[in-house]
Amino acid sequence: MNVVTAVKMYITQMTEESGPGMKILLMDKHTTSIVSMVFAQSEILRKEVYLFERIDSGSPYEPMRHLKCIAFLRPTKENVILLERELKNPQYGAYYIYFSNIIAKADIKTLAEADDQEVVREVQEFYGDYLAVSPHLFSLNIPSCSQGLSWDLTQLHRSVQGVTAVLLSLKKCPYIRYQQSSDMAKRLADKIREVLSKESSLFEFRQPEVAPLLLILDRRDDPVTPLLNQWTYQAMVHELLTITNNRVNLSSVPGISKELKEVVLSAEQDEFYAHNLYLNFGEIGQTIKELMEEFQKKAKNHQKVESISDMKNFVETYPQFKKMSGTVSKHVTVVGELSSAVNRYNLLEVSELEQELACQNDHSQQLQRIRKLIGNDKVRHIDATRLVLLYALRYEKHTNNDIVGLVEALKKRGVPEELTKSIGNMKEYGGAHARQSDLFGTQDAVVKITKRFFKDLSGVENVYTQHNPLLKETLEDLIKGKLKESSFPYLGKEQIRGRPQDIIVFIIGGATYEESLTVYQMNKTFPVRIVLGGTTIHNSASFLEEVQAATQGISRRYARNL
């Protein structure tokens, strides 16, 4: 189960089915991102695709009847209208049309009627209707999926399409389990089941001995994971610099060179990144140092270009040399920015307290330390607020909690109102009333204390990475056959016999790179294949925006306390 391979195979097949000759790739806003996530432009060029156009660009382009057009589009009403207009006045000699998802028969009829000049050679469904972030991780790029803590209907429809596309591209017809406490999870499960039933002929795959499983979860059950600072390379870059469709904007870095204003971080296109994205910050610094030393050593060897032989050797190795030079510049710049942010914003101290709030129960000491950091000018408003958010989630039911006092301290410090309001929003979104899990280990005290005792005996590898996402516990229970049906029921009367080997997890409200790391590690540890997806991939800033959108317009049960 590899979503990157699945999407790459579709795109490769598109470019090959049209035969030899010059081609143009016609896409929309979404499919442009889908393609760019798995292929560099240089790779597409090698497939005889020499032009890239957007069907929704609105700008007229000159007819080029000598070109074949490969159209890769989402099956939306807007795209069907634009394609109909294109076929009535074709700019290219032949059209090979691929929709990224199931398209209505009525839309196919509309396009057939528009094709007066009979330029369409192929119409197919290729189910690459999602962003393949890494082999085990996909995103639907939906920044916020709910309003009033219920589905935004447009985003529900998009989520159904995205998840069914993943299932079709991986050739899986799964049983479905969902989070019992989440109406949104139940509704999504029902809608996906409708598609599986209605389009049953598409899902007639050869089933393994134990059927695959789709597990639908709700972000509200674990609001802690997206609030924490991260310390592995990929997750840290997303938290501090933000990764958007594998791209990082560095244009705000003082004195940045033109070619580094936006850099691509893709495991498919960058070998160094592929090998190091899960390393922690300390390790990545050492690895960057070794990369620089290797580059300097190679560069020194190229300083003497005196003979024809020297020149020939240099020219032969120049592409690799140039590529390595770009890799070194990019990662040195990115790591330099991360390091600068860590020092500038006192993130080591902040993160240590975040981890303790997430993993340990020590109310009075943690309260004192939060007050101290709120008073520290080096700490950013967002970081001070996140400490209070974590405190509010952990100590919401504590008799002596001082959530009100901490919010007042944030206001006195000058924290913007939208951030102070996020405390009430978060308690509404992911407070104790909204969670079915024992997120902080307060129930089954004896068992939890014993577990923690043995964990402490073995030693915490790193004070900044003590936290494990709730997803880890959920998946371990699932793999061992211990996941409670009362908490995660099957949809309908179905039930898997045996333990599933192929598991697709989808998190409504967004996944995180910390959870992606967990899945990566579990795939290596257990005899299972797990793919993780979410409506989006969150860092703490985007998660707070999601929470704000989700809670907008609902009555605040905590407002009077804040």
# chains A, B, ... in the order shown; residues from 1 in each chain; ligands from 1
call {"tool": "residues_around", "arguments": {"residues": "Met9 in chain A", "least_positions_apart": "3", "cutoff": "12 Å", "atoms": "only C-alpha atoms", "output": "list in words"}}
result
Asn2, Val3, Val4, Thr5, Ala6, Thr12, Gln13, Met14, Thr15, Glu16, Glu17, Val35, Val38, Phe39, Phe126, Tyr127, Gly128, Ser169 and Leu170 of chain A
call {"tool": "select_by_dssp", "arguments": {"residues": "range 219-373 of chain A", "states": "strand (DSSP E)", "output": "VMD selection string"}}
result
chain A and resid 247 to 249 262 to 264
call {"tool": "write_last_selection", "arguments": {"atoms": "C-alpha atoms", "output": "JSON list (two decimals), in the first residue's frame"}}
result
[["chain", "number", "residue", "atom", "x", "y", "z"],
["A", 247, "ARG", "CA", 6.98, 23.60, -0.69],
["A", 248, "VAL", "CA", 8.43, 25.91, 1.97],
["A", 249, "ASN", "CA", 8.34, 29.70, 1.56],
["A", 262, "GLU", "CA", 10.78, 28.85, -2.20],
["A", 263, "VAL", "CA", 12.27, 25.39, -1.74],
["A", 264, "VAL", "CA", 10.83, 21.95, -2.46]]
call {"tool": "residues_around", "arguments": {"residues": "Leu260 in chain A", "least_positions_apart": "4", "cutoff": "7 Å", "atoms": "only C-alpha atoms", "output": "ChimeraX atom specification"}}
result
/A:250,256,330
call {"tool": "closest_residue", "arguments": {"among": "A:Ser139, A:Thr327, A:Thr535, A:Gln269", "to": "Gln41 in chain A", "atoms": "only C-alpha atoms"}}
result
A:Gln269
call {"tool": "residues_around", "arguments": {"residues": "range 142-150 of chain A", "least_positions_apart": "6", "cutoff": "12 Å", "atoms": "only C-alpha atoms", "output": "ChimeraX atom specification"}}
result
/A:30,130-131,156-159,162,182-188,218-220,244,425-426,428-430,434,507-511,533-539,541-556
call {"tool": "closest_residue", "arguments": {"among": "A:Thr512, A:Glu354, A:Arg394, A:Pro500", "to": "Arg529 in chain A", "atoms": "only C-alpha atoms"}}
result
A:Pro500
call {"tool": "atom_distance", "arguments": {"atom1": "CA of Lys47 in chain A", "atom2": "CA of Ala165 in chain A"}}
result
24.6 Å
call {"tool": "atom_distance", "arguments": {"atom1": "CA of Ser42 in chain A", "atom2": "CA of Val332 in chain A"}}
result
23.8 Å
call {"tool": "residues_around", "arguments": {"residues": "Lys412 in chain A", "least_positions_apart": "4", "cutoff": "12 Å", "atoms": "only C-alpha atoms", "output": "ChimeraX atom specification"}}
result
/A:371,374-375,381,405-408,416-417,420
call {"tool": "write_last_selection", "arguments": {"atoms": "N, CA and C atoms", "output": "mmCIF file, in the first residue's frame"}}
result
data_model
loop_
_atom_site.group_PDB
_atom_site.id
_atom_site.type_symbol
_atom_site.label_atom_id
_atom_site.label_comp_id
_atom_site.auth_asym_id
_atom_site.auth_seq_id
_atom_site.Cartn_x
_atom_site.Cartn_y
_atom_site.Cartn_z
ATOM 1 N N ARG A 371 3.083 30.486 34.209
ATOM 2 C CA ARG A 371 3.048 31.923 34.558
ATOM 3 C C ARG A 371 4.395 32.590 34.267
ATOM 4 N N ILE A 374 4.815 32.983 30.472
ATOM 5 C CA ILE A 374 3.944 34.051 29.953
ATOM 6 C C ILE A 374 4.613 35.413 30.169
ATOM 7 N N GLY A 375 5.361 35.523 31.244
ATOM 8 C CA GLY A 375 6.062 36.774 31.550
ATOM 9 C C GLY A 375 7.397 36.936 30.840
ATOM 10 N N HIS A 381 3.666 35.068 21.493
ATOM 11 C CA HIS A 381 2.264 35.024 21.912
ATOM 12 C C HIS A 381 1.658 33.648 21.645
ATOM 13 N N GLY A 405 -7.305 32.846 35.416
ATOM 14 C CA GLY A 405 -6.135 33.661 35.760
ATOM 15 C C GLY A 405 -5.092 33.665 34.649
ATOM 16 N N LEU A 406 -4.900 32.511 34.006
ATOM 17 C CA LEU A 406 -3.919 32.422 32.908
ATOM 18 C C LEU A 406 -4.391 33.211 31.682
ATOM 19 N N VAL A 407 -5.691 33.155 31.408
ATOM 20 C CA VAL A 407 -6.226 33.938 30.287
ATOM 21 C C VAL A 407 -6.045 35.429 30.554
ATOM 22 N N GLU A 408 -6.272 35.848 31.807
ATOM 23 C CA GLU A 408 -6.051 37.252 32.174
ATOM 24 C C GLU A 408 -4.581 37.640 32.007
ATOM 25 N N PRO A 416 -3.202 38.880 21.262
ATOM 26 C CA PRO A 416 -4.397 39.257 20.485
ATOM 27 C C PRO A 416 -5.643 38.491 20.934
ATOM 28 N N GLU A 417 -6.795 39.136 20.789
ATOM 29 C CA GLU A 417 -8.055 38.568 21.261
ATOM 30 C C GLU A 417 -8.375 37.230 20.605
ATOM 31 N N THR A 420 -6.645 34.591 22.662
ATOM 32 C CA THR A 420 -7.232 34.355 23.993
ATOM 33 C C THR A 420 -8.599 33.661 23.868
#
call {"tool": "select_by_dssp", "arguments": {"residues": "range 105-244 of chain A", "states": "helix (DSSP H, G or I)", "output": "ChimeraX atom specification"}}
result
/A:105-114,153-169,183-198,200-203,219-221,225-227,233-240
call {"tool": "residues_around", "arguments": {"residues": "Asn376 in chain A", "least_positions_apart": "6", "cutoff": "10 Å", "atoms": "only C-alpha atoms", "output": "PyMOL selection string"}}
result
chain A and resi 345-346+370+384+413
call {"tool": "atom_distance", "arguments": {"atom1": "CA of Glu48 in chain A", "atom2": "CA of Gly21 in chain A"}}
result
6.6 Å
call {"tool": "closest_residue", "arguments": {"among": "A:Leu82, A:Asn101, A:His136, A:Pro223", "to": "Leu202 in chain A", "atoms": "only C-alpha atoms"}}
result
A:Asn101
call {"tool": "closest_residue", "arguments": {"among": "A:Val119, A:Ile496, A:Ala40, A:Ile479", "to": "Asn523 in chain A", "atoms": "only C-alpha atoms"}}
result
A:Ile479
call {"tool": "closest_residue", "arguments": {"among": "A:Glu53, A:Glu62, A:Asp221, A:Asp129", "to": "Pro75 in chain A", "atoms": "only C-alpha atoms"}}
result
A:Asp129
call {"tool": "residues_around", "arguments": {"residues": "Ile504 in chain A", "least_positions_apart": "6", "cutoff": "7 Å", "atoms": "only C-alpha atoms", "output": "list of chain:residue names"}}
result
A:Leu213, A:Leu214, A:Leu215, A:Ile530, A:Val531, A:Leu532
call {"tool": "closest_residue", "arguments": {"among": "A:Asp222, A:Asp502, A:Glu352, A:Glu294", "to": "Glu515 in chain A", "atoms": "only C-alpha atoms"}}
result
A:Asp222
